[in-house]
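S.K.: Structure supplied as entry17.txt; contents: compact mmCIF, C-alpha atoms.
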# COMPACT_ATOMS: atom_id res chain seq x y z
CA MET O 18 0.00 0.00 0.00
CA SER O 19 2.86 2.40 0.77
CA GLU O 20 4.04 2.46 -2.87
CA ASP O 21 0.61 3.53 -4.12
CA ARG O 22 -0.18 6.02 -1.37
CA GLY O 23 3.14 7.77 -1.12
CA PHE O 24 3.64 7.08 2.59
CA PRO O 25 4.76 8.44 4.91
CA TRP O 26 2.13 11.11 5.20
CA VAL O 27 3.23 13.89 7.53
CA PHE O 28 0.51 16.08 9.05
CA PRO O 29 1.73 19.07 11.06
CA TYR O 30 0.10 19.52 14.43
CA ILE O 31 -2.74 22.02 14.59
CA GLU O 32 -2.17 25.05 16.76
CA GLU O 33 -4.80 26.26 19.21
CA ARG O 34 -4.58 29.21 21.57
CA ARG O 35 -5.06 28.87 25.29
CA SER O 36 -7.18 31.29 27.26
CA ARG O 37 -5.37 34.35 28.62
CA GLU O 38 -5.86 33.18 32.20
CA HIS O 39 -4.21 29.83 31.57
CA PRO O 40 -0.92 29.38 33.44
CA PHE O 41 0.69 28.29 30.18
CA SER O 42 -0.96 30.99 28.09
CA ASP O 43 2.41 31.94 26.59
CA ARG O 44 2.90 28.41 25.29
CA PRO O 45 0.97 27.46 22.15
CA LEU O 46 -1.28 24.42 22.34
CA TRP O 47 -0.53 21.89 19.64
CA ARG O 48 -2.76 18.96 18.70
CA PRO O 49 -2.18 15.95 16.45
CA ALA O 50 -5.09 16.24 14.03
CA VAL O 51 -5.95 15.32 10.45
CA ARG O 52 -8.61 16.25 7.95
CA ILE O 53 -10.82 13.23 7.31
CA ARG O 54 -14.15 12.61 5.58
CA PHE O 55 -17.07 10.62 6.99
CA VAL O 56 -19.08 9.03 4.18
CA GLY O 57 -22.70 7.97 4.65
CA PRO O 58 -25.85 7.34 2.61
CA ALA O 59 -26.61 11.07 2.36
CA GLY O 60 -23.13 12.15 1.35
CA SER O 61 -19.81 12.94 2.95
CA GLU O 62 -18.64 15.51 5.45
CA GLY O 63 -15.05 16.55 6.05
CA VAL O 64 -13.95 17.31 9.59
CA LEU O 65 -10.85 18.11 11.56
CA ALA O 66 -10.31 15.06 13.78
CA LEU O 67 -8.03 14.58 16.78
CA VAL O 68 -5.63 11.63 16.56
CA ASP O 69 -6.06 10.19 20.06
CA SER O 70 -4.06 7.12 21.02
CA GLY O 71 -5.87 7.07 24.37
CA SER O 72 -9.26 6.45 22.85
CA ASP O 73 -10.26 2.89 22.00
CA HIS O 74 -12.85 4.14 19.49
CA VAL O 75 -13.50 6.45 16.61
CA LEU O 76 -15.98 8.96 18.01
CA ALA O 77 -17.91 11.86 16.54
CA GLY O 78 -20.57 14.40 17.29
CA PRO O 79 -24.23 13.70 16.52
CA TRP O 80 -24.34 16.25 13.74
CA VAL O 81 -21.87 14.19 11.69
CA ALA O 82 -24.32 11.28 11.66
CA GLN O 83 -27.15 13.59 10.67
CA ALA O 84 -25.16 15.32 7.93
CA THR O 85 -24.07 12.06 6.34
CA GLY O 86 -27.36 10.21 6.77
CA VAL O 87 -26.07 7.55 9.16
CA ASP O 88 -29.09 5.83 10.69
CA LEU O 89 -28.71 5.40 14.43
CA SER O 90 -32.33 4.56 15.16
CA ALA O 91 -31.70 0.82 15.48
CA ALA O 92 -28.35 1.14 17.23
CA ASP O 93 -28.03 0.14 20.86
CA GLU O 94 -27.14 2.85 23.33
CA TYR O 95 -24.05 2.66 25.51
CA GLN O 96 -22.57 4.88 28.16
CA LEU O 97 -19.01 6.12 27.84
CA LEU O 98 -17.11 8.51 30.05
CA ILE O 99 -15.91 11.56 28.20
CA GLY O 100 -14.24 14.36 30.06
CA GLY O 101 -15.25 12.66 33.29
CA SER O 102 -18.96 12.65 32.47
CA ALA O 103 -21.13 9.80 31.21
CA ARG O 104 -22.55 10.30 27.73
CA THR O 105 -24.84 8.19 25.60
CA VAL O 106 -23.18 6.85 22.47
CA ARG O 107 -24.51 4.79 19.59
CA PHE O 108 -22.24 2.92 17.19
CA ALA O 109 -22.79 2.48 13.46
CA PRO O 110 -20.60 1.37 10.56
CA VAL O 111 -19.29 4.35 8.62
CA GLN O 112 -16.94 4.75 5.66
CA LEU O 113 -13.92 6.93 6.41
CA LEU O 114 -11.88 8.62 3.69
CA LEU O 115 -8.45 10.01 4.55
CA PRO O 116 -6.59 12.03 1.90
CA PRO O 117 -2.87 12.68 2.17
CA PRO O 118 -1.75 16.05 3.55
CA ASP O 119 -1.88 17.65 0.10
CA GLY O 120 -5.56 16.66 -0.21
CA ASP O 121 -5.05 14.49 -3.32
CA LEU O 122 -8.17 12.30 -3.26
CA SER O 123 -6.69 9.89 -5.82
CA ARG O 124 -4.29 8.72 -3.09
CA ALA O 125 -6.85 8.71 -0.29
CA VAL O 126 -7.26 5.67 1.95
CA GLU O 127 -10.83 4.51 2.50
CA TRP O 128 -12.08 1.98 5.02
CA GLU O 129 -15.13 1.12 7.08
CA CYS O 130 -15.22 1.12 10.84
CA ASP O 131 -17.66 1.40 13.71
CA VAL O 132 -18.05 5.01 14.78
CA GLY O 133 -19.55 5.99 18.09
CA PHE O 134 -21.83 9.01 17.88
CA PHE O 135 -22.46 10.83 21.14
CA ASP O 136 -25.80 12.42 21.97
CA ARG O 137 -23.91 15.59 22.94
CA TRP O 138 -20.51 16.81 21.85
CA GLU O 139 -18.47 19.63 23.37
CA PRO O 140 -14.85 19.23 22.16
CA PRO O 141 -13.40 21.60 19.55
CA TRP O 142 -12.74 18.72 17.15
CA ALA O 143 -15.62 17.16 15.28
CA ALA O 144 -14.26 13.66 15.76
CA VAL O 145 -11.69 11.58 17.60
CA LEU O 146 -9.65 8.87 15.86
CA GLY O 147 -8.80 6.08 18.28
CA GLN O 148 -7.20 2.66 18.44
CA VAL O 149 -9.93 0.60 16.76
CA GLY O 150 -10.86 2.14 13.45
CA PHE O 151 -7.77 4.28 12.95
CA PHE O 152 -4.63 3.06 14.70
CA ASP O 153 -5.35 -0.45 13.38
CA HIS O 154 -5.18 0.86 9.80
CA PHE O 155 -1.88 2.73 9.95
CA THR O 156 1.40 2.86 11.76
CA VAL O 157 1.11 6.17 13.58
CA MET O 158 4.10 8.16 14.71
CA MET O 159 3.72 11.37 16.70
CA SER O 160 6.58 13.67 17.58
CA ARG O 161 6.47 16.65 19.87
CA MET O 162 9.94 17.51 18.59
CA THR O 163 8.73 17.91 15.02
CA MET O 164 5.15 18.93 15.92
CA ALA O 165 3.83 16.42 13.42
CA VAL O 166 1.98 13.12 13.13
CA ALA O 167 3.16 10.70 10.47
CA LEU O 168 1.10 7.88 8.99
CA GLU O 169 2.65 4.87 7.34
CA ALA O 170 1.46 1.46 6.18
CA ALA O 171 0.02 -0.78 8.86
CA ASP O 172 2.94 -3.24 8.66
CA GLU O 173 5.65 -0.58 8.87
CA MET O 174 6.54 -1.26 12.51
CA ASP O 175 7.17 -4.91 11.70
CA LYS O 176 9.33 -3.97 8.71
CA ARG O 177 11.37 -1.41 10.61
CA LEU O 178 11.60 -2.84 14.10
CA GLY O 179 10.80 -6.52 13.62
CA VAL O 180 7.70 -6.32 15.76
CA PRO O 181 5.06 -8.46 14.07
CA PRO O 182 1.35 -7.70 14.36
CA VAL O 183 -0.57 -9.65 16.96
CA ASP O 184 -3.90 -11.28 16.28
CA PRO O 185 -6.64 -8.91 17.37
CA PRO O 186 -8.91 -10.16 20.12
CA GLU O 187 -12.44 -11.15 19.38
CA PRO O 188 -14.56 -8.04 18.86
CA PRO O 189 -16.80 -6.98 21.69
CA PRO O 190 -20.43 -8.12 21.50
CA ARG O 191 -21.75 -4.85 20.12
CA PHE O 192 -19.86 -5.42 16.86
CA THR O 193 -21.14 -8.94 16.27
CA PRO O 194 -24.34 -9.41 14.25
CA MET N 4 7.46 12.39 1.54
CA SER N 5 4.28 14.43 1.60
CA ASP N 6 4.44 18.19 1.75
CA PRO N 7 3.15 19.29 5.13
CA GLN N 8 0.56 22.05 5.30
CA VAL N 9 0.73 24.21 8.39
CA PHE N 10 -2.60 25.30 9.78
CA SER N 11 -3.38 27.26 12.92
CA VAL N 12 -6.79 27.33 14.55
CA ALA N 13 -5.35 30.06 16.75
CA ASP N 14 -5.28 32.38 13.73
CA LEU N 15 -9.07 32.02 13.46
CA GLN N 16 -9.87 32.76 17.07
CA ALA N 17 -9.92 36.53 16.85
CA GLN N 18 -12.71 36.45 14.28
CA TYR N 19 -14.46 33.11 14.78
CA ALA N 20 -14.07 32.23 18.47
CA GLY N 21 -16.82 29.86 19.55
CA CYS N 22 -18.06 29.25 16.00
CA TRP N 23 -18.16 26.17 13.83
CA VAL N 24 -16.30 27.00 10.63
CA ALA N 25 -15.93 25.35 7.24
CA LEU N 26 -12.58 25.46 5.49
CA LEU N 27 -11.81 25.06 1.82
CA GLY N 28 -8.09 24.55 1.86
CA ASP N 29 -7.12 26.90 4.67
CA ASP N 30 -9.74 29.53 3.84
CA VAL N 31 -12.90 29.98 5.89
CA VAL N 32 -15.91 29.82 3.57
CA ASP N 33 -18.65 29.83 6.20
CA ALA N 34 -19.07 30.09 9.97
CA ARG N 35 -22.15 29.43 12.12
CA PRO N 36 -22.98 29.01 15.81
CA THR N 37 -23.80 25.30 15.40
CA PRO N 38 -22.63 22.52 13.08
CA TYR N 39 -26.23 21.88 12.03
CA GLU N 40 -26.62 25.46 10.79
CA LEU N 41 -23.24 25.27 9.12
CA VAL N 42 -24.00 22.07 7.20
CA LEU N 43 -27.38 23.47 6.12
CA SER N 44 -25.76 26.68 4.90
CA LEU N 45 -23.09 24.77 2.98
CA ARG N 46 -25.74 22.62 1.30
CA GLU N 47 -27.82 25.68 0.39
CA ARG N 48 -24.76 27.38 -1.07
CA ARG N 49 -23.68 24.14 -2.78
CA ILE N 50 -20.23 24.30 -1.26
CA GLU N 51 -18.58 20.88 -1.17
CA GLY N 52 -15.27 19.45 -0.03
CA THR N 53 -14.99 21.47 3.15
CA THR N 54 -13.41 20.55 6.47
CA ILE N 55 -15.47 21.46 9.54
CA LEU N 56 -14.13 22.30 12.96
CA ARG N 57 -15.11 24.34 15.99
CA VAL N 58 -12.93 27.27 16.97
CA PRO N 59 -12.63 27.33 20.76
CA ALA N 60 -13.95 30.39 22.57
CA GLU N 61 -11.38 32.77 24.03
CA ASP N 62 -12.19 31.80 27.62
CA GLU N 63 -12.76 28.12 26.94
CA LEU N 64 -11.01 25.68 29.24
CA GLU N 65 -8.36 23.47 27.73
CA THR N 66 -9.65 19.99 26.90
CA VAL N 67 -7.59 16.94 27.81
CA GLY N 68 -8.16 13.20 27.68
CA ILE N 69 -11.55 13.20 26.06
CA GLY N 70 -11.52 9.71 24.58
In structure tokens, how does this file's structure come out?

M.R.:
Amino acid sequence: MSEDRGFPWVFPYIEERRSREHPFSDRPLWRPAVRIRFVGPAGSEGVLALVDSGSDHVLAGPWVAQATGVDLSAADEYQLLIGGSARTVRFAPVQLLLPPPDGDLSRAVEWECDVGFFDRWEPPWAAVLGQVGFFDHFTVMMSRMTMAVALEAADEMDKRLGVPPVDPPEPPPRFTP
Amino acid sequence: MSDPQVFSVADLQAQYAGCWVALLGDDVVDARPTPYELVLSLRERRIEGTTILRVPAEDELETVGIG
């Protein structure tokens, strides 16, 4: 896949500004984030999404489901903690489309994964890209020194470091038919 | 190696703090108080291929560990 896609893809961190009262207000806030498209029956929507190694899921706000026509009416509801508070989330299979940093759609990577849509969404990013659904499709390298996140083929860590992939565990019950 | 594109949400905060904005490339093409209004406006104006994000408000607390 790397030959066709032109990996590695290097996405510079996104800069945010802290509030003036913040003790680190003189230090810019940098986030690993990429521009990604959610594709559903009603069309696609591009969002700025946080690359979050600490999340086990791909998560998004409810408006993304509405904008792309993802039907959540038959989806079971779960509770997840987000920012220390419990929120209702419903999962549905969604097509994700990730172009390279230059936006060339002919080299975009497309895959399907289960996305959890919250009933409420407060973060600045429209979506969060977590371990299942994102990190299992790429080798992800993040560097505070370079202020960038780099994506490479999923088997790159094995090639470079001799660390072979492990068999994924059985999916949790919500993903089984 | 891909050519990196530098983008700063901080540059948008003076004008769009607290808004949901749609970018074409790095240019803001629309901004609304909610993502629902923004998507509706983009559809009405037949603007496609945008990237949507929310620009944090000036006094908004820093978010950590959301996932």

S.K.: Which residue out of N:Asp29, N:Glu40, N:Glu47, N:Glu61 has the minimum interatomic distance to chain O when all atoms listed in the file are used?

M.R.: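 Once distances to chain O are computed over all atoms listed in the file, the minimum belongs to N:Glu61.
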
S.K.: Grab the atom CA of Pro25 of chain O to atom CA of Leu114 of chain O distance for me, in Å with one decimal place.

M.R.: 16.7 Å

S.K.: Applying 9 Å and only C-alpha atoms, which residues near Asp136 of chain O remain after dropping the ones on its own chain fewer than 2 positions away? List them as a count of residues only.

M.R.: 8

S.K.: Do you have the atom CA of Pro141 of chain O-atom CA of Val111 of chain O distance handy?

M.R.: 21.3 Å

S.K.: Residues at most 8 Å from Thr37 of chain N, counting all atoms listed in the file, excluding those fewer than 2 positions away in the same chain, as JSON, numbers by chain?

M.R.: {"N": [22, 23, 35, 39, 40, 41]}

S.K.: Filtering to C-alpha atoms, could you give me those residues as a PDB file, in the coordinates of the input?

M.R.:
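The resulting selection-v1.pdb:
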ATOM      1  CA  CYS N  22     -18.060  29.250  16.000  1.00  0.00           C
ATOM      2  CA  TRP N  23     -18.160  26.170  13.830  1.00  0.00           C
ATOM      3  CA  ARG N  35     -22.150  29.430  12.120  1.00  0.00           C
ATOM      4  CA  TYR N  39     -26.230  21.880  12.030  1.00  0.00           C
ATOM      5  CA  GLU N  40     -26.620  25.460  10.790  1.00  0.00           C
ATOM      6  CA  LEU N  41     -23.240  25.270   9.120  1.00  0.00           C
TER       7      LEU N  41
END
